[in-house]
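**Q** Got a structure for you, model22.tsv, holding TSV, C-alpha atoms (C1' of nucleotides).
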chain	number	residue	atom	x	y	z
W	4	MET	CA	0.00	0.00	0.00
W	5	SER	CA	2.06	2.91	1.27
W	6	GLU	CA	5.28	2.57	-0.74
W	7	LYS	CA	8.32	1.58	1.26
W	8	ARG	CA	10.96	3.38	-0.73
W	9	THR	CA	13.57	5.43	1.03
W	10	PHE	CA	15.43	8.51	-0.11
W	11	SER	CA	18.84	10.05	0.43
W	12	ILE	CA	19.19	13.69	1.33
W	13	SER	CA	20.49	14.58	-2.12
W	14	GLU	CA	17.67	12.77	-3.87
W	15	LEU	CA	15.13	14.89	-2.02
W	16	SER	CA	17.30	17.95	-2.48
W	17	GLN	CA	17.23	17.48	-6.24
W	18	GLU	CA	13.61	16.46	-6.52
W	19	PHE	CA	12.31	19.51	-4.67
W	20	ASP	CA	15.10	21.91	-5.56
W	21	VAL	CA	16.14	22.77	-2.02
W	22	THR	CA	19.65	22.67	-0.61
W	23	THR	CA	20.71	19.84	1.67
W	24	ARG	CA	21.45	22.58	4.17
W	25	SER	CA	17.78	23.49	4.24
W	26	ILE	CA	16.69	19.91	4.70
W	27	ARG	CA	19.06	19.45	7.63
W	28	PHE	CA	17.78	22.71	9.03
W	29	TYR	CA	14.21	21.49	8.84
W	30	GLU	CA	15.26	18.39	10.75
W	31	ASP	CA	17.04	20.58	13.28
W	32	GLN	CA	13.82	22.48	13.84
W	33	GLY	CA	11.92	19.27	14.40
W	34	LEU	CA	9.98	19.29	11.13
W	35	LEU	CA	11.58	16.16	9.76
W	36	LYS	CA	12.68	13.05	11.61
W	37	PRO	CA	14.56	10.82	9.21
W	38	ASN	CA	15.93	7.49	10.38
W	39	ARG	CA	19.65	6.91	10.42
W	40	ARG	CA	21.92	4.23	9.11
W	41	GLY	CA	24.98	5.07	11.12
W	42	GLN	CA	25.23	8.82	10.66
W	43	THR	CA	23.48	8.92	7.34
W	44	ARG	CA	19.91	10.12	7.08
W	45	ILE	CA	17.40	7.79	5.54
W	46	PHE	CA	14.19	9.54	4.52
W	47	SER	CA	10.90	7.67	4.30
W	48	THR	CA	7.96	8.48	2.08
W	49	LYS	CA	6.38	10.11	5.11
W	50	ASP	CA	9.37	12.42	5.39
W	51	ARG	CA	9.03	13.15	1.71
W	52	VAL	CA	5.40	14.11	2.13
W	53	ARG	CA	6.31	16.34	5.01
W	54	LEU	CA	9.00	18.07	3.01
W	55	LYS	CA	6.47	18.70	0.28
W	56	LEU	CA	4.11	20.19	2.84
W	57	ILE	CA	6.85	22.38	4.30
W	58	LEU	CA	7.66	23.81	0.88
W	59	ARG	CA	4.07	24.37	-0.02
W	60	GLY	CA	3.57	26.06	3.32
W	61	LYS	CA	6.43	28.38	2.51
W	62	ARG	CA	4.95	29.27	-0.85
W	63	MET	CA	1.75	30.06	0.99
W	64	GLY	CA	3.55	32.34	3.41
W	65	PHE	CA	3.63	30.07	6.45
W	66	SER	CA	6.63	30.13	8.72
W	67	LEU	CA	8.43	26.93	9.63
W	68	ALA	CA	7.18	27.35	13.17
W	69	GLU	CA	3.58	27.44	12.01
W	70	THR	CA	4.07	24.37	9.87
W	71	LYS	CA	5.74	22.55	12.73
W	72	GLU	CA	2.85	23.43	14.99
W	73	LEU	CA	0.49	21.82	12.53
W	74	PHE	CA	2.65	18.70	12.25
W	75	ASP	CA	2.91	18.32	16.00
W	76	LEU	CA	-0.76	18.88	16.49
W	77	TRP	CA	-1.63	16.35	13.87
W	78	ASP	CA	0.62	13.78	15.52
W	79	GLU	CA	-1.04	14.44	18.86
W	80	THR	CA	-4.43	14.30	17.24
W	81	LEU	CA	-3.76	10.80	15.94
W	82	THR	CA	-3.28	9.53	19.48
W	83	GLY	CA	-6.51	11.39	19.92
W	84	ASN	CA	-8.23	12.43	23.09
W	85	GLU	CA	-11.32	14.52	22.64
W	86	LYS	CA	-9.77	17.85	23.55
W	87	GLN	CA	-7.03	17.45	20.96
W	88	LEU	CA	-9.54	16.54	18.31
W	89	LEU	CA	-11.69	19.56	18.98
W	90	LYS	CA	-8.66	21.82	18.98
W	91	MET	CA	-7.62	20.41	15.64
W	92	LEU	CA	-11.04	21.09	14.20
W	93	GLU	CA	-10.80	24.68	15.38
W	94	ILE	CA	-7.42	25.11	13.80
W	95	LEU	CA	-8.60	23.61	10.57
W	96	SER	CA	-11.46	26.06	10.45
W	97	ALA	CA	-9.11	28.94	11.16
W	98	ARG	CA	-6.89	27.80	8.31
W	99	ARG	CA	-9.87	27.71	6.01
W	100	GLU	CA	-10.52	31.35	6.77
W	101	GLN	CA	-6.91	32.11	5.95
W	102	LEU	CA	-7.30	30.28	2.67
W	103	GLU	CA	-10.40	32.28	1.86
W	104	GLN	CA	-8.46	35.46	2.54
W	105	GLN	CA	-5.70	34.28	0.27
W	106	LYS	CA	-8.15	33.46	-2.48
W	107	GLU	CA	-9.55	36.96	-2.20
W	108	ASP	CA	-6.05	38.38	-2.32
W	109	ILE	CA	-5.29	36.39	-5.43
W	110	ALA	CA	-8.50	37.45	-7.12
W	111	MET	CA	-7.76	41.10	-6.39
W	112	ALA	CA	-4.22	40.71	-7.64
W	113	GLU	CA	-5.44	39.13	-10.84
W	114	MET	CA	-7.84	41.97	-11.49
W	115	GLU	CA	-5.17	44.55	-10.89
W	116	MET	CA	-2.83	42.71	-13.18
W	117	ASP	CA	-5.47	42.72	-15.87
W	118	THR	CA	-5.77	46.48	-15.77
W	119	ALA	CA	-2.02	46.88	-15.50
W	120	GLU	CA	-1.51	44.71	-18.56
W	121	ALA	CA	-4.18	46.61	-20.45
W	122	ARG	CA	-2.45	49.89	-19.71
W	123	CYS	CA	0.85	48.47	-20.85
W	124	ARG	CA	-0.61	47.32	-24.14
W	125	GLU	CA	-2.27	50.66	-24.72
W	126	ALA	CA	0.98	52.46	-24.11
W	127	LEU	CA	2.73	50.09	-26.48
W	128	THR	CA	0.31	50.66	-29.35
W	129	GLU	CA	0.64	54.38	-28.72
W	130	LEU	CA	4.37	54.09	-29.19
W	131	GLN	CA	3.88	51.98	-32.31
W	132	LYS	CA	1.71	54.66	-33.88
W	133	LYS	CA	4.30	57.33	-33.24
W	134	LYS	CA	6.98	55.14	-34.73
W	135	GLU	CA	4.98	54.50	-37.88
W	136	GLU	CA	4.36	58.20	-38.36
W	137	GLN	CA	8.05	58.87	-37.87
W	138	GLY	CA	8.91	56.06	-40.24
W	139	LEU	CA	6.64	57.50	-42.97
W	140	THR	CA	8.04	61.02	-42.79
W	141	THR	CA	11.63	59.81	-42.93
W	142	ASN	CA	10.72	57.66	-45.91
W	143	THR	CA	9.20	60.57	-47.84
W	144	LYS	CA	12.25	62.65	-47.09
W	145	GLU	CA	14.56	59.94	-48.32
W	146	THR	CA	12.63	59.39	-51.53
W	147	ALA	CA	12.51	63.12	-52.05
W	148	VAL	CA	16.26	63.37	-51.67
W	149	SER	CA	17.00	60.34	-53.81
W	150	LYS	CA	15.18	61.99	-56.73
Q	20	MET	CA	-12.35	62.04	-8.60
Q	21	SER	CA	-9.39	60.60	-6.67
Q	22	GLU	CA	-10.19	61.62	-3.09
Q	23	LYS	CA	-7.80	64.14	-1.61
Q	24	ARG	CA	-7.89	63.04	1.97
Q	25	THR	CA	-4.69	62.65	3.91
Q	26	PHE	CA	-3.83	60.32	6.76
Q	27	SER	CA	-1.60	60.39	9.79
Q	28	ILE	CA	0.70	57.52	10.55
Q	29	SER	CA	-1.45	56.39	13.44
Q	30	GLU	CA	-4.62	56.44	11.36
Q	31	LEU	CA	-3.09	54.06	8.84
Q	32	SER	CA	-1.56	52.04	11.63
Q	33	GLN	CA	-4.98	51.50	13.17
Q	34	GLU	CA	-6.87	50.96	9.95
Q	35	PHE	CA	-4.55	48.22	8.73
Q	36	ASP	CA	-3.42	46.92	12.08
Q	37	VAL	CA	0.29	47.43	11.58
Q	38	THR	CA	2.67	49.19	13.94
Q	39	THR	CA	3.87	52.68	13.17
Q	40	ARG	CA	7.31	51.19	13.31
Q	41	SER	CA	6.49	48.99	10.34
Q	42	ILE	CA	5.11	51.89	8.34
Q	43	ARG	CA	8.23	53.92	8.98
Q	44	PHE	CA	10.28	50.91	8.02
Q	45	TYR	CA	8.43	50.60	4.73
Q	46	GLU	CA	9.22	54.22	4.04
Q	47	ASP	CA	12.83	53.61	4.96
Q	48	GLN	CA	12.96	50.84	2.39
Q	49	GLY	CA	11.54	53.11	-0.28
Q	50	LEU	CA	8.10	51.52	-0.49
Q	51	LEU	CA	6.24	54.59	0.76
Q	52	LYS	CA	7.00	58.25	0.14
Q	53	PRO	CA	4.72	60.32	2.33
Q	54	ASN	CA	4.90	64.11	2.21
Q	55	ARG	CA	6.01	66.06	5.24
Q	56	ARG	CA	4.63	68.94	7.17
Q	57	GLY	CA	7.75	69.84	9.08
Q	58	GLN	CA	8.84	66.48	10.43
Q	59	THR	CA	5.42	64.92	10.43
Q	60	ARG	CA	4.47	62.43	7.75
Q	61	ILE	CA	1.38	63.15	5.70
Q	62	PHE	CA	0.10	60.15	3.83
Q	63	SER	CA	-1.92	60.50	0.64
Q	64	THR	CA	-4.52	58.09	-0.71
Q	65	LYS	CA	-1.83	56.83	-3.05
Q	66	ASP	CA	0.32	55.96	-0.05
Q	67	ARG	CA	-2.66	54.24	1.48
Q	68	VAL	CA	-3.17	52.13	-1.61
Q	69	ARG	CA	0.48	51.21	-1.59
Q	70	LEU	CA	0.35	50.19	2.03
Q	71	LYS	CA	-2.61	47.99	1.23
Q	72	LEU	CA	-0.63	46.42	-1.61
Q	73	ILE	CA	2.38	45.89	0.63
Q	74	LEU	CA	0.29	44.04	3.19
Q	75	ARG	CA	-1.49	41.94	0.62
Q	76	GLY	CA	1.87	41.11	-0.86
Q	77	LYS	CA	3.03	39.94	2.53
Q	78	ARG	CA	-0.01	37.73	2.97
Q	79	MET	CA	0.82	36.26	-0.40
Q	80	GLY	CA	4.38	35.54	0.63
Q	81	PHE	CA	6.12	38.36	-1.24
Q	82	SER	CA	9.11	40.03	0.33
Q	83	LEU	CA	9.25	43.78	0.70
Q	84	ALA	CA	12.05	43.84	-1.85
Q	85	GLU	CA	9.87	42.07	-4.40
Q	86	THR	CA	7.01	44.45	-3.78
Q	87	LYS	CA	9.32	47.42	-4.06
Q	88	GLU	CA	10.65	46.12	-7.33
Q	89	LEU	CA	7.11	46.03	-8.66
Q	90	PHE	CA	6.37	49.54	-7.45
Q	91	ASP	CA	9.56	50.93	-8.97
Q	92	LEU	CA	8.97	49.15	-12.20
Q	93	TRP	CA	5.45	50.40	-12.42
Q	94	ASP	CA	6.61	53.96	-11.85
Q	95	GLU	CA	9.20	53.61	-14.57
Q	96	THR	CA	6.66	52.00	-16.83
Q	97	LEU	CA	4.39	55.01	-16.59
Q	98	THR	CA	7.09	57.23	-18.05
Q	99	GLY	CA	7.21	54.41	-20.53
Q	100	ASN	CA	9.78	53.62	-23.16
Q	101	GLU	CA	9.20	50.42	-25.06
Q	102	LYS	CA	11.79	48.32	-23.27
Q	103	GLN	CA	10.26	49.08	-19.89
Q	104	LEU	CA	6.81	48.24	-21.13
Q	105	LEU	CA	7.88	44.89	-22.50
Q	106	LYS	CA	9.75	44.08	-19.32
Q	107	MET	CA	6.64	44.90	-17.31
Q	108	LEU	CA	4.55	42.57	-19.45
Q	109	GLU	CA	7.06	39.80	-18.85
Q	110	ILE	CA	6.95	40.35	-15.12
Q	111	LEU	CA	3.19	40.39	-15.13
Q	112	SER	CA	3.12	37.09	-16.92
Q	113	ALA	CA	5.62	35.62	-14.47
Q	114	ARG	CA	3.43	36.79	-11.60
Q	115	ARG	CA	0.45	35.12	-13.18
Q	116	GLU	CA	2.32	31.84	-13.16
Q	117	GLN	CA	3.07	32.35	-9.49
Q	118	LEU	CA	-0.59	33.00	-8.85
Q	119	GLU	CA	-1.53	29.80	-10.67
Q	120	GLN	CA	0.93	27.91	-8.49
Q	121	GLN	CA	-0.60	29.45	-5.40
Q	122	LYS	CA	-4.08	28.53	-6.52
Q	123	GLU	CA	-2.94	24.95	-6.97
Q	124	ASP	CA	-1.36	25.02	-3.54
Q	125	ILE	CA	-4.56	26.30	-2.02
Q	126	ALA	CA	-6.64	23.69	-3.78
Q	127	MET	CA	-4.36	20.94	-2.54
Q	128	ALA	CA	-4.42	22.34	0.96
Q	129	GLU	CA	-8.19	22.45	0.92
Q	130	MET	CA	-8.42	18.84	-0.15
Q	131	GLU	CA	-6.05	17.73	2.54
Q	132	MET	CA	-7.97	19.70	5.10
Q	133	ASP	CA	-11.14	17.99	4.00
Q	134	THR	CA	-9.68	14.57	4.65
Q	135	ALA	CA	-8.09	15.74	7.87
Q	136	GLU	CA	-11.40	17.07	9.10
Q	137	ALA	CA	-13.15	13.88	8.12
Q	138	ARG	CA	-10.66	11.84	10.11
Q	139	CYS	CA	-11.13	14.08	13.09
Q	140	ARG	CA	-14.88	13.69	12.99
Q	141	GLU	CA	-14.60	9.92	12.65
Q	142	ALA	CA	-12.31	9.76	15.63
Q	143	LEU	CA	-14.72	11.93	17.59
Q	144	THR	CA	-17.74	9.75	16.90
Q	145	GLU	CA	-15.63	6.73	17.83
Q	146	LEU	CA	-14.94	8.34	21.18
Q	147	GLN	CA	-18.61	9.19	21.59
Q	148	LYS	CA	-19.58	5.56	21.08
Q	149	LYS	CA	-17.14	4.37	23.67
Q	150	LYS	CA	-18.41	6.95	26.10
Q	151	GLU	CA	-22.02	5.89	25.61
Q	152	GLU	CA	-21.13	2.27	26.17
Q	153	GLN	CA	-19.23	3.22	29.28
Q	154	GLY	CA	-22.12	5.38	30.38
Q	155	LEU	CA	-24.56	2.50	29.99
Q	156	THR	CA	-22.50	-0.05	31.93
Q	157	THR	CA	-21.89	2.35	34.78
Q	158	ASN	CA	-25.58	3.08	34.86
Q	159	THR	CA	-26.50	-0.59	35.14
Q	160	LYS	CA	-23.89	-0.99	37.83
Q	161	GLU	CA	-25.23	1.97	39.72
Q	162	THR	CA	-28.81	0.85	39.52
Q	163	ALA	CA	-27.73	-2.61	40.56
Q	164	VAL	CA	-25.91	-1.20	43.54
Q	165	SER	CA	-28.63	1.20	44.47
Q	166	LYS	CA	-31.13	-1.67	44.67
B	24	DA	C1'	3.06	77.64	30.56
B	25	DA	C1'	3.02	72.99	32.07
B	26	DA	C1'	1.43	68.55	31.27
B	27	DA	C1'	0.13	65.16	28.26
B	28	DC	C1'	0.32	63.24	23.90
B	29	DA	C1'	1.63	62.17	19.22
B	30	DC	C1'	5.36	62.13	16.39
B	31	DT	C1'	10.25	62.15	15.24
B	32	DT	C1'	15.22	60.24	14.59
B	33	DT	C1'	18.93	57.20	15.98
B	34	DA	C1'	20.56	53.01	16.95
B	35	DC	C1'	21.12	48.66	18.82
B	36	DG	C1'	18.68	43.98	19.48
B	37	DT	C1'	16.09	39.89	17.82
B	38	DT	C1'	14.11	36.17	15.13
B	39	DT	C1'	13.82	33.46	10.99
B	40	DA	C1'	15.79	30.85	7.47
B	41	DC	C1'	19.14	29.63	5.75
B	42	DG	C1'	24.62	30.30	3.43
B	43	DT	C1'	29.24	29.09	3.88
B	44	DA	C1'	33.46	27.27	5.48
B	45	DA	C1'	36.19	23.78	8.01
B	46	DA	C1'	37.32	19.51	9.33
B	47	DC	C1'	35.86	14.84	9.55
B	48	DT	C1'	33.63	10.13	8.33
B	49	DT	C1'	31.31	6.85	5.37
B	50	DT	C1'	30.29	4.81	1.10
B	51	DA	C1'	31.04	3.82	-3.76
B	52	DA	C1'	34.08	3.29	-7.68
B	53	DC	C1'	38.09	1.84	-9.76
A	28	DG	C1'	43.29	0.06	-0.88
A	29	DT	C1'	43.05	4.43	-2.14
A	30	DT	C1'	40.77	8.11	-4.11
A	31	DA	C1'	36.64	10.56	-5.14
A	32	DA	C1'	31.96	11.57	-3.96
A	33	DA	C1'	28.56	12.19	-0.79
A	34	DG	C1'	27.41	12.82	3.75
A	35	DT	C1'	28.21	14.47	8.56
A	36	DT	C1'	28.78	17.90	12.59
A	37	DT	C1'	30.16	22.35	14.35
A	38	DA	C1'	30.03	26.92	14.16
A	39	DC	C1'	30.12	31.44	12.65
A	40	DG	C1'	27.85	34.79	9.17
A	41	DT	C1'	23.95	37.19	6.98
A	42	DA	C1'	19.67	39.40	5.13
A	43	DA	C1'	14.95	40.57	6.08
A	44	DA	C1'	11.56	42.56	8.92
A	45	DC	C1'	10.69	44.42	12.30
A	46	DG	C1'	10.89	45.34	18.13
A	47	DT	C1'	12.36	48.29	21.53
A	48	DA	C1'	14.55	51.81	24.03
A	49	DA	C1'	16.35	56.56	24.31
A	50	DA	C1'	16.03	61.10	23.74
A	51	DG	C1'	14.32	64.82	21.49
A	52	DT	C1'	10.52	67.87	18.87
A	53	DG	C1'	6.17	69.70	18.00
A	54	DT	C1'	1.23	70.33	19.24
A	55	DT	C1'	-2.89	70.68	21.81
A	56	DT	C1'	-5.45	70.60	26.03
A	57	DT	C1'	-6.29	72.61	30.43
Output the file's structure in the form of structure tokens.
**A**
Amino acid sequence: MSEKRTFSISELSQEFDVTTRSIRFYEDQGLLKPNRRGQTRIFSTKDRVRLKLILRGKRMGFSLAETKELFDLWDETLTGNEKQLLKMLEILSARREQLEQQKEDIAMAEMEMDTAEARCREALTELQKKKEEQGLTTNTKETAVSK
Amino acid sequence: MSEKRTFSISELSQEFDVTTRSIRFYEDQGLLKPNRRGQTRIFSTKDRVRLKLILRGKRMGFSLAETKELFDLWDETLTGNEKQLLKMLEILSARREQLEQQKEDIAMAEMEMDTAEARCREALTELQKKKEEQGLTTNTKETAVSK
DNA sequence: AAAACACTTTACGTTTACGTAAACTTTAAC
DNA sequence: GTTAAAGTTTACGTAAACGTAAAGTGTTTT
């Protein structure tokens, strides 16, 4: 079912385009807990998923601390007493609000980019016109001279 | 047309829930350019819009430097030679890609939150069942004892 | 005009998220 | 078996985004 592959630090580093330094840092901060063979880190598919979540979180503007909080809470939740479960539900709902906010932000940004792009294109065609006019007059001059 | 109100630093601070320190910092970094009456900063509606953009940018994971770059570029663009305009169009298109990525991220996050919430609710109802069973047995015991 | 209050500059401190270098060990390749 | 490649720890450095304190300058309220 859940694949049992393992990954080296450099494999993950390449796949997700992060430095090994970053990955070790994430471990240091308690976000990843790879096994070891001797000194060497052996990452499981679970670690891989977590790394993916960390990076997505970053793209979404979450700090490592926030992401870690979520991870920890989820782990606690799985052992699950009622209080933990309810807290998790609260947090999930709070996150949903954040996501809604972000969607709004994105929609606004898209609209503004539409108008910005429109203005750019207008300005460009304006410039084109002027160029053409210029081009024509120089041409007439040249032909006039060449006669 | 474009309102001619002005704002004090504390007005903006309150309206957008940022510290005055942050606002001054944004000015320091060249993101805001309020007028002065003596020493005192007088913010225009344009400044207000920019502050709004800065904060939205932050929520979307943009650094102040990135936001500043956009502001500067837009200012340059308005004076508009062709090169600037084309560069702006490129940047806009790059931003759109980023936005698409973010939308994907949000969609993924929402899906995962759905399944997470479902698991939580399952676990909760499980606990409820156990409680009810417990409740029933204790009741029978109690009634048995109280007889 | 004195007190209270908002605003200012200057400057050092702090946290986050790594980069970078040094010196060492383990593993893989020849 | 040694050399190269990849991995490790330790530790100091850095950029971004403010926080915070100090000390001064208006301004307005009583």
**Q** Could you name the residues that touch segment 25-41 of chain W at 7 Å or less, counting all atoms listed in the file, but leaving out those on the same chain fewer than 5 positions away, as a ChimeraX atom specification?
**A** /W:46-47,50,71 /B:41
**Q** All C-alpha atoms, paired in order, least-squares superposition of chain Q on chain W: what RMSD does that give?
**A**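 Per the least-squares fit, the RMSD is 0.1 Å.
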**Q** Looking at all atoms listed in the file, which of Q:Phe90, Q:Phe26, Q:Phe81, Q:Phe35 is the one that sits closest to chain A?
**A** Q:Phe81
**Q** Identify every residue of chain Q that has at least one atom within 10 Å of any atom of chain W, counting all atoms listed in the file, and report the result as a PyMOL selection string.
**A** chain Q and resi 72+75-82+93+96-105+107-109+111-112+114-115+117-129+132-133+135-140+142-144+146-147
**Q** Compile the residues of chain B that lie within 12 Å of chain W, evaluated using all atoms listed in the file, and express the compilation as a PyMOL selection string.
**A** chain B and resi 38-43+48-50
**Q** Would you kindly report the residues of chain W within 10 Å of chain A, using all atoms listed in the file, as a list of chain:residue names?
**A**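 The complete set of qualifying residues is W:Ser11, W:Ile12, W:Ser13, W:Thr23, W:Gln42, W:Thr43, W:Arg44.
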**Q** Would you mind telling me which residue in Q:Thr86, Q:Lys106, Q:Leu31, Q:Val37 lies nearest to Thr64 of chain Q when using only C-alpha atoms?
**A**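 Of the candidates, the smallest distance to Thr64 of chain Q is held by Q:Leu31.
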**Q** Would you work out the distance separating atom CA of Glu72 of chain W from atom CA of Thr134 of chain Q, expressed in Å to one decimal?
**A**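 Those two atoms sit 18.5 Å apart.
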**Q** Record the distance separating atom CA of Ile110 of chain Q and atom CA of Glu135 of chain W, expressed in Å with one decimal.
**A**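 Interatomic distance here is 26.9 Å.
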